[in-house]
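Here is the file input-v1.pdb (PDB, C-alpha atoms).
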```pdb
ATOM      1  CA  MET A  22     -67.372 -51.640 -32.958  1.00  0.00           C
ATOM      2  CA  ASP A  23     -65.762 -48.702 -31.189  1.00  0.00           C
ATOM      3  CA  ASN A  24     -62.464 -49.638 -29.550  1.00  0.00           C
ATOM      4  CA  ALA A  25     -62.083 -46.358 -27.667  1.00  0.00           C
ATOM      5  CA  ALA A  26     -60.666 -46.738 -24.185  1.00  0.00           C
ATOM      6  CA  ALA A  27     -61.299 -44.466 -21.268  1.00  0.00           C
ATOM      7  CA  ALA A  28     -58.993 -43.992 -18.347  1.00  0.00           C
ATOM      8  CA  THR A  29     -59.515 -42.093 -15.173  1.00  0.00           C
ATOM      9  CA  SER A  30     -57.339 -41.515 -12.199  1.00  0.00           C
ATOM     10  CA  SER A  31     -57.559 -39.909  -8.857  1.00  0.00           C
ATOM     11  CA  ALA A  32     -55.199 -39.164  -6.060  1.00  0.00           C
ATOM     12  CA  SER A  33     -55.989 -38.941  -2.411  1.00  0.00           C
ATOM     13  CA  GLU A  34     -54.149 -38.124   0.746  1.00  0.00           C
ATOM     14  CA  VAL A  35     -54.991 -38.726   4.348  1.00  0.00           C
ATOM     15  CA  SER A  36     -55.224 -35.728   6.629  1.00  0.00           C
ATOM     16  CA  VAL A  37     -55.028 -36.486  10.356  1.00  0.00           C
ATOM     17  CA  SER A  38     -55.290 -33.831  13.051  1.00  0.00           C
ATOM     18  CA  SER A  39     -55.429 -34.095  16.783  1.00  0.00           C
ATOM     19  CA  HIS A  40     -56.563 -31.821  19.561  1.00  0.00           C
ATOM     20  CA  LEU A  41     -55.646 -31.948  23.240  1.00  0.00           C
ATOM     21  CA  PHE A  42     -58.400 -30.986  25.672  1.00  0.00           C
ATOM     22  CA  THR A  43     -57.167 -30.543  29.243  1.00  0.00           C
ATOM     23  CA  VAL A  44     -59.714 -30.534  32.051  1.00  0.00           C
ATOM     24  CA  ARG A  45     -58.492 -28.903  35.261  1.00  0.00           C
ATOM     25  CA  GLY A  46     -60.514 -29.226  38.453  1.00  0.00           C
ATOM     26  CA  TYR A  47     -62.023 -32.638  37.730  1.00  0.00           C
ATOM     27  CA  ALA A  48     -63.435 -32.833  41.293  1.00  0.00           C
ATOM     28  CA  ASN A  49     -65.632 -29.822  40.505  1.00  0.00           C
ATOM     29  CA  THR A  50     -67.157 -31.585  37.487  1.00  0.00           C
ATOM     30  CA  LYS A  51     -68.288 -34.708  39.344  1.00  0.00           C
ATOM     31  CA  GLY A  52     -71.967 -34.644  40.152  1.00  0.00           C
ATOM     32  CA  ILE A  53     -72.987 -32.117  37.483  1.00  0.00           C
ATOM     33  CA  GLY A  54     -75.478 -34.718  36.280  1.00  0.00           C
ATOM     34  CA  VAL A  55     -75.935 -37.378  33.650  1.00  0.00           C
ATOM     35  CA  GLY A  56     -76.056 -35.807  30.186  1.00  0.00           C
ATOM     36  CA  ARG A  57     -74.223 -32.626  31.225  1.00  0.00           C
ATOM     37  CA  SER A  58     -70.780 -31.998  29.800  1.00  0.00           C
ATOM     38  CA  VAL A  59     -67.676 -29.874  29.996  1.00  0.00           C
ATOM     39  CA  GLU A  60     -66.834 -28.780  26.452  1.00  0.00           C
ATOM     40  CA  SER A  61     -63.577 -27.689  24.856  1.00  0.00           C
ATOM     41  CA  PRO A  62     -63.222 -24.492  22.882  1.00  0.00           C
ATOM     42  CA  ALA A  63     -63.807 -25.050  19.142  1.00  0.00           C
ATOM     43  CA  PHE A  64     -60.819 -26.161  17.045  1.00  0.00           C
ATOM     44  CA  ASP A  65     -60.186 -26.759  13.337  1.00  0.00           C
ATOM     45  CA  ALA A  66     -59.699 -30.216  11.808  1.00  0.00           C
ATOM     46  CA  ALA A  67     -60.660 -31.823   8.482  1.00  0.00           C
ATOM     47  CA  GLY A  68     -61.850 -28.483   7.135  1.00  0.00           C
ATOM     48  CA  HIS A  69     -64.452 -27.982   9.879  1.00  0.00           C
ATOM     49  CA  ARG A  70     -64.820 -26.688  13.444  1.00  0.00           C
ATOM     50  CA  TRP A  71     -65.140 -29.249  16.247  1.00  0.00           C
ATOM     51  CA  SER A  72     -65.314 -29.429  20.026  1.00  0.00           C
ATOM     52  CA  VAL A  73     -64.688 -32.240  22.516  1.00  0.00           C
ATOM     53  CA  ALA A  74     -67.300 -32.927  25.207  1.00  0.00           C
ATOM     54  CA  PHE A  75     -66.440 -34.718  28.451  1.00  0.00           C
ATOM     55  CA  TYR A  76     -69.359 -36.115  30.477  1.00  0.00           C
ATOM     56  CA  PRO A  77     -68.074 -36.837  34.010  1.00  0.00           C
ATOM     57  CA  ASP A  78     -71.337 -38.549  35.054  1.00  0.00           C
ATOM     58  CA  GLY A  79     -72.008 -40.260  31.716  1.00  0.00           C
ATOM     59  CA  GLU A  80     -73.641 -39.055  28.530  1.00  0.00           C
ATOM     60  CA  ASP A  81     -76.950 -40.822  29.245  1.00  0.00           C
ATOM     61  CA  GLN A  82     -78.481 -43.229  31.801  1.00  0.00           C
ATOM     62  CA  ASP A  83     -76.889 -46.241  30.061  1.00  0.00           C
ATOM     63  CA  ALA A  84     -73.474 -44.644  30.627  1.00  0.00           C
ATOM     64  CA  SER A  85     -74.103 -43.680  34.255  1.00  0.00           C
ATOM     65  CA  GLY A  86     -71.106 -44.710  36.377  1.00  0.00           C
ATOM     66  CA  HIS A  87     -68.762 -44.143  33.439  1.00  0.00           C
ATOM     67  CA  VAL A  88     -67.062 -41.114  31.955  1.00  0.00           C
ATOM     68  CA  SER A  89     -68.123 -40.344  28.370  1.00  0.00           C
ATOM     69  CA  VAL A  90     -66.157 -38.602  25.618  1.00  0.00           C
ATOM     70  CA  PHE A  91     -67.695 -37.167  22.446  1.00  0.00           C
ATOM     71  CA  VAL A  92     -66.679 -34.942  19.541  1.00  0.00           C
ATOM     72  CA  ARG A  93     -69.168 -32.465  18.067  1.00  0.00           C
ATOM     73  CA  LEU A  94     -69.245 -30.768  14.671  1.00  0.00           C
ATOM     74  CA  VAL A  95     -69.649 -27.075  15.451  1.00  0.00           C
ATOM     75  CA  GLY A  96     -71.512 -25.432  12.622  1.00  0.00           C
ATOM     76  CA  ALA A  97     -74.735 -24.720  10.817  1.00  0.00           C
ATOM     77  CA  ALA A  98     -77.333 -27.384  10.105  1.00  0.00           C
ATOM     78  CA  GLY A  99     -76.144 -27.638   6.476  1.00  0.00           C
ATOM     79  CA  ASP A 100     -72.533 -28.493   7.385  1.00  0.00           C
ATOM     80  CA  GLU A 101     -71.558 -32.125   6.806  1.00  0.00           C
ATOM     81  CA  ALA A 102     -68.335 -34.098   7.250  1.00  0.00           C
ATOM     82  CA  THR A 103     -67.456 -37.785   7.023  1.00  0.00           C
ATOM     83  CA  VAL A 104     -64.450 -38.481   9.205  1.00  0.00           C
ATOM     84  CA  LEU A 105     -62.640 -41.086  11.207  1.00  0.00           C
ATOM     85  CA  TYR A 106     -62.431 -40.088  14.871  1.00  0.00           C
ATOM     86  CA  GLY A 107     -60.942 -41.565  18.013  1.00  0.00           C
ATOM     87  CA  PHE A 108     -60.040 -40.676  21.587  1.00  0.00           C
ATOM     88  CA  SER A 109     -57.350 -41.498  24.086  1.00  0.00           C
ATOM     89  CA  LEU A 110     -56.337 -40.244  27.493  1.00  0.00           C
ATOM     90  CA  VAL A 111     -52.866 -38.740  27.646  1.00  0.00           C
ATOM     91  CA  ASP A 112     -50.531 -40.295  30.186  1.00  0.00           C
ATOM     92  CA  PRO A 113     -48.674 -37.474  31.996  1.00  0.00           C
ATOM     93  CA  THR A 114     -45.480 -39.579  31.934  1.00  0.00           C
ATOM     94  CA  GLY A 115     -45.559 -39.756  28.129  1.00  0.00           C
ATOM     95  CA  ALA A 116     -46.320 -43.492  28.029  1.00  0.00           C
ATOM     96  CA  ALA A 117     -48.717 -44.807  25.397  1.00  0.00           C
ATOM     97  CA  PRO A 118     -52.271 -45.122  26.701  1.00  0.00           C
ATOM     98  CA  ALA A 119     -53.480 -48.512  27.903  1.00  0.00           C
ATOM     99  CA  ALA A 120     -56.279 -50.246  25.997  1.00  0.00           C
ATOM    100  CA  GLU A 121     -58.956 -49.057  28.434  1.00  0.00           C
ATOM    101  CA  ALA A 122     -57.878 -45.432  27.854  1.00  0.00           C
ATOM    102  CA  SER A 123     -57.834 -45.511  24.037  1.00  0.00           C
ATOM    103  CA  LYS A 124     -60.868 -46.367  21.945  1.00  0.00           C
ATOM    104  CA  ALA A 125     -60.748 -47.733  18.400  1.00  0.00           C
ATOM    105  CA  PRO A 126     -61.476 -45.128  15.755  1.00  0.00           C
ATOM    106  CA  LYS A 127     -64.874 -45.028  14.072  1.00  0.00           C
ATOM    107  CA  VAL A 128     -66.059 -43.646  10.734  1.00  0.00           C
ATOM    108  CA  SER A 129     -69.125 -41.436  10.894  1.00  0.00           C
ATOM    109  CA  THR A 130     -70.910 -38.703   8.995  1.00  0.00           C
ATOM    110  CA  PHE A 131     -71.598 -35.620  11.093  1.00  0.00           C
ATOM    111  CA  ARG A 132     -74.048 -32.829  10.352  1.00  0.00           C
ATOM    112  CA  GLY A 133     -73.840 -29.414  12.016  1.00  0.00           C
ATOM    113  CA  GLY A 134     -74.326 -29.815  15.769  1.00  0.00           C
ATOM    114  CA  ASP A 135     -74.050 -33.637  15.707  1.00  0.00           C
ATOM    115  CA  GLY A 136     -71.959 -35.349  18.345  1.00  0.00           C
ATOM    116  CA  ARG A 137     -70.522 -38.866  18.308  1.00  0.00           C
ATOM    117  CA  GLY A 138     -68.403 -40.647  20.830  1.00  0.00           C
ATOM    118  CA  VAL A 139     -68.078 -43.307  23.481  1.00  0.00           C
ATOM    119  CA  GLY A 140     -70.728 -43.339  26.207  1.00  0.00           C
ATOM    120  CA  ARG A 141     -68.900 -45.890  28.334  1.00  0.00           C
ATOM    121  CA  PHE A 142     -65.397 -44.607  27.685  1.00  0.00           C
ATOM    122  CA  MET A 143     -64.120 -45.734  31.088  1.00  0.00           C
ATOM    123  CA  ASP A 144     -65.624 -46.802  34.394  1.00  0.00           C
ATOM    124  CA  ARG A 145     -65.547 -43.698  36.621  1.00  0.00           C
ATOM    125  CA  ARG A 146     -63.843 -45.481  39.542  1.00  0.00           C
ATOM    126  CA  ALA A 147     -61.186 -46.925  37.223  1.00  0.00           C
ATOM    127  CA  PHE A 148     -60.675 -43.476  35.689  1.00  0.00           C
ATOM    128  CA  GLU A 149     -60.261 -41.852  39.102  1.00  0.00           C
ATOM    129  CA  ALA A 150     -57.675 -44.474  40.108  1.00  0.00           C
ATOM    130  CA  SER A 151     -55.829 -44.299  36.762  1.00  0.00           C
ATOM    131  CA  PRO A 152     -52.503 -42.606  36.029  1.00  0.00           C
ATOM    132  CA  TYR A 153     -54.323 -40.281  33.614  1.00  0.00           C
ATOM    133  CA  LEU A 154     -55.935 -38.244  36.405  1.00  0.00           C
ATOM    134  CA  ARG A 155     -53.188 -36.403  38.279  1.00  0.00           C
ATOM    135  CA  ASP A 156     -53.474 -33.320  40.489  1.00  0.00           C
ATOM    136  CA  ASP A 157     -57.196 -33.092  39.653  1.00  0.00           C
ATOM    137  CA  CYS A 158     -56.316 -32.706  35.959  1.00  0.00           C
ATOM    138  CA  PHE A 159     -56.351 -34.895  32.827  1.00  0.00           C
ATOM    139  CA  THR A 160     -56.027 -34.541  29.054  1.00  0.00           C
ATOM    140  CA  ILE A 161     -58.134 -36.106  26.288  1.00  0.00           C
ATOM    141  CA  LYS A 162     -56.593 -36.502  22.844  1.00  0.00           C
ATOM    142  CA  CYS A 163     -59.157 -36.371  20.040  1.00  0.00           C
ATOM    143  CA  VAL A 164     -57.942 -37.450  16.609  1.00  0.00           C
ATOM    144  CA  ILE A 165     -59.870 -36.701  13.416  1.00  0.00           C
ATOM    145  CA  GLY A 166     -58.881 -38.145  10.043  1.00  0.00           C
ATOM    146  CA  THR A 167     -60.239 -37.597   6.574  1.00  0.00           C
ATOM    147  CA  VAL A 168     -59.303 -38.513   3.035  1.00  0.00           C
ATOM    148  CA  ILE A 169     -58.875 -35.665   0.574  1.00  0.00           C
ATOM    149  CA  THR A 170     -59.472 -36.795  -3.027  1.00  0.00           C
ATOM    150  CA  THR A 171     -58.130 -34.541  -5.776  1.00  0.00           C
ATOM    151  CA  THR A 172     -60.682 -35.650  -8.384  1.00  0.00           C
ATOM    152  CA  ALA A 173     -64.454 -35.771  -8.410  1.00  0.00           C
ATOM    153  CA  ALA A 174     -64.554 -39.477  -7.661  1.00  0.00           C
ATOM    154  CA  PRO A 175     -67.559 -41.455  -6.445  1.00  0.00           C
ATOM    155  CA  GLY A 176     -68.161 -41.527  -2.683  1.00  0.00           C
ATOM    156  CA  SER A 177     -66.848 -45.083  -2.493  1.00  0.00           C
ATOM    157  CA  GLU A 178     -63.293 -43.738  -2.833  1.00  0.00           C
ATOM    158  CA  LEU A 179     -63.735 -41.646   0.300  1.00  0.00           C
ATOM    159  CA  ARG A 180     -65.056 -44.638   2.212  1.00  0.00           C
ATOM    160  CA  HIS A 181     -62.249 -46.845   0.879  1.00  0.00           C
ATOM    161  CA  GLY A 182     -59.683 -44.255   1.962  1.00  0.00           C
ATOM    162  CA  LEU A 183     -61.156 -44.002   5.459  1.00  0.00           C
ATOM    163  CA  ASP A 184     -61.370 -47.778   5.760  1.00  0.00           C
ATOM    164  CA  SER A 185     -57.704 -48.088   4.774  1.00  0.00           C
ATOM    165  CA  LEU A 186     -56.844 -45.495   7.427  1.00  0.00           C
ATOM    166  CA  LEU A 187     -58.441 -47.786  10.012  1.00  0.00           C
ATOM    167  CA  VAL A 188     -55.859 -50.490   9.347  1.00  0.00           C
ATOM    168  CA  GLU A 189     -52.804 -48.286   8.876  1.00  0.00           C
ATOM    169  CA  ASP A 190     -50.204 -48.416  11.627  1.00  0.00           C
ATOM    170  CA  ALA A 191     -49.997 -44.635  11.345  1.00  0.00           C
ATOM    171  CA  TRP A 192     -53.467 -44.251  12.835  1.00  0.00           C
ATOM    172  CA  SER A 193     -52.588 -46.192  15.962  1.00  0.00           C
ATOM    173  CA  ASP A 194     -49.415 -44.114  16.278  1.00  0.00           C
ATOM    174  CA  VAL A 195     -51.454 -40.911  16.156  1.00  0.00           C
ATOM    175  CA  VAL A 196     -54.047 -42.083  18.687  1.00  0.00           C
ATOM    176  CA  GLY A 197     -51.254 -43.410  20.881  1.00  0.00           C
ATOM    177  CA  GLY A 198     -49.624 -40.029  20.831  1.00  0.00           C
ATOM    178  CA  SER A 199     -46.431 -40.546  18.871  1.00  0.00           C
ATOM    179  CA  SER A 200     -47.278 -38.540  15.733  1.00  0.00           C
ATOM    180  CA  GLY A 201     -49.765 -36.168  14.171  1.00  0.00           C
ATOM    181  CA  GLU A 202     -50.488 -32.489  14.127  1.00  0.00           C
ATOM    182  CA  VAL A 203     -51.536 -31.212  17.523  1.00  0.00           C
ATOM    183  CA  SER A 204     -53.505 -28.028  17.939  1.00  0.00           C
ATOM    184  CA  GLU A 205     -54.361 -26.817  21.392  1.00  0.00           C
TER
END
```

What's the structure tokens form of this structure?
Amino acid sequence: MDNAAAATSSASEVSVSSHLFTVRGYANTKGIGVGRSVESPAFDAAGHRWSVAFYPDGEDQDASGHVSVFVRLVGAAGDEATVLYGFSLVDPTGAAPAAEASKAPKVSTFRGGDGRGVGRFMDRRAFEASPYLRDDCFTIKCVIGTVITTTAAPGSELRHGLDSLLVEDAWSDVVGGSSGEVSE
């Protein structure tokens, strides 16, 4: 009988980035049509290029009457990234966003060109009456998190790391606007 023991180890760290997308001239975006968006310039996060898309008339017919917010992986068809993403509206006074203006983060795998988000982010009338829209301008905070593993570990470690990020207080702090790297 062979009594040889094997031991493995891995280390991982969470990388969280955020991007602020400011839309000026909101009144000019209303009525552009369901499924049409205003898109941010591309930005870097989690080792990939991304953009934020704001749909003032809703992303599809089911979201009509709501504003929609999505993030898109900008890249070639072969690009792939599994990340945790979330959105919040930035209060111009610096206050943390209310529940209706901050959506729980989700884990998803993106392939080049894929977009994911919240079709019914906020009722359009509620958005227009909210403190987030001021002087025909508002800002969306998009947060993207990933787990970087330093060993060639099975995919379950990545998923475990992302799942643990979902329950960490740090994530809610980042989405709420009190920490995290911000690139504009």

Test item: residues at most 8 Å from Tyr153 (chain A), all atoms listed in the file, excluding those fewer than 6 positions along its chain, as a PyMOL selection string: chain A and resi 110-113+159-160

Hits from the PyMOL selection byres ((chain A and resi 135-138) around 7), listed as JSON, numbers by chain: {"A": [90, 91, 92, 93, 94, 131, 132, 133, 134, 139, 140]}

Which residue of A:Val104, A:Cys158, A:Ala117, A:Val88 approaches Arg146 (chain A) most closely, using all atoms listed in the file: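 Closest to Arg146 (chain A) of all the choices is A:Val88.
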
Proximity to Ala48 (chain A) - best of A:Ser89, A:Glu60, A:Pro77, A:Asp100, only C-alpha atoms: A:Pro77

Point-to-point distance in Å for CA of Asp81 (chain A) and CA of Phe42 (chain A):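 Straight-line distance from CA of Phe42 (chain A) to CA of Asp81 (chain A) works out to 21.3 Å.
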
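Nearest to His69 (chain A) of all the residues A:Val35, A:Met143, A:Ala102, A:Ala150 is A:Ala102, counting all atoms listed in the file.
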
Polymer residues at most 6 Å from Gly166 (chain A), all atoms listed in the file, same-chain spacing of 4 or more positions, as a PyMOL selection string: chain A and resi 36-37+104-105

Neighbour list for Tyr47 (chain A) as a PyMOL selection string, cut-off 12 Å, all atoms listed in the file, skip fewer than 5 positions in-chain: chain A and resi 52-53+58-59+75-78+88+145+148-149+153-160

Point-to-point distance in Å for CA of Val164 (chain A) and CA of Gly107 (chain A):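 The value is 5.3 Å.
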
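The smallest atom-to-atom distance between Ala63 (chain A) and any of A:Gly96, A:Gly115, A:Gly86, A:Gly79, using all atoms listed in the file, is found for A:Gly96.
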
Distance in Å - CA of Lys162 (chain A) versus CA of Ser39 (chain A):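 About the pair CA of Lys162 (chain A) and CA of Ser39 (chain A): they are 6.6 Å apart.
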
Counting only C-alpha atoms, the residue of A:Thr130, A:Ser85, A:Ser151, A:Thr43 that sits nearest Arg57 (chain A):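 Using only C-alpha atoms, the shortest distance to Arg57 (chain A) belongs to A:Ser85.
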
From A:Ile161, A:Pro152, A:Glu101, A:Asp65, residue lying nearest Thr114 (chain A) [only C-alpha atoms]: A:Pro152

Chain and number of each residue from the PyMOL selection byres ((chain A and resi 61) around 6), as a PyMOL selection string: chain A and resi 60+62+72-73

Lys124 (chain A) environment, 10 Å, only C-alpha atoms, sequence neighbours closer than 2 positions dropped, as number ranges by chain: A: 106-110, 118-122, 126-127, 138-139, 142-143, 196
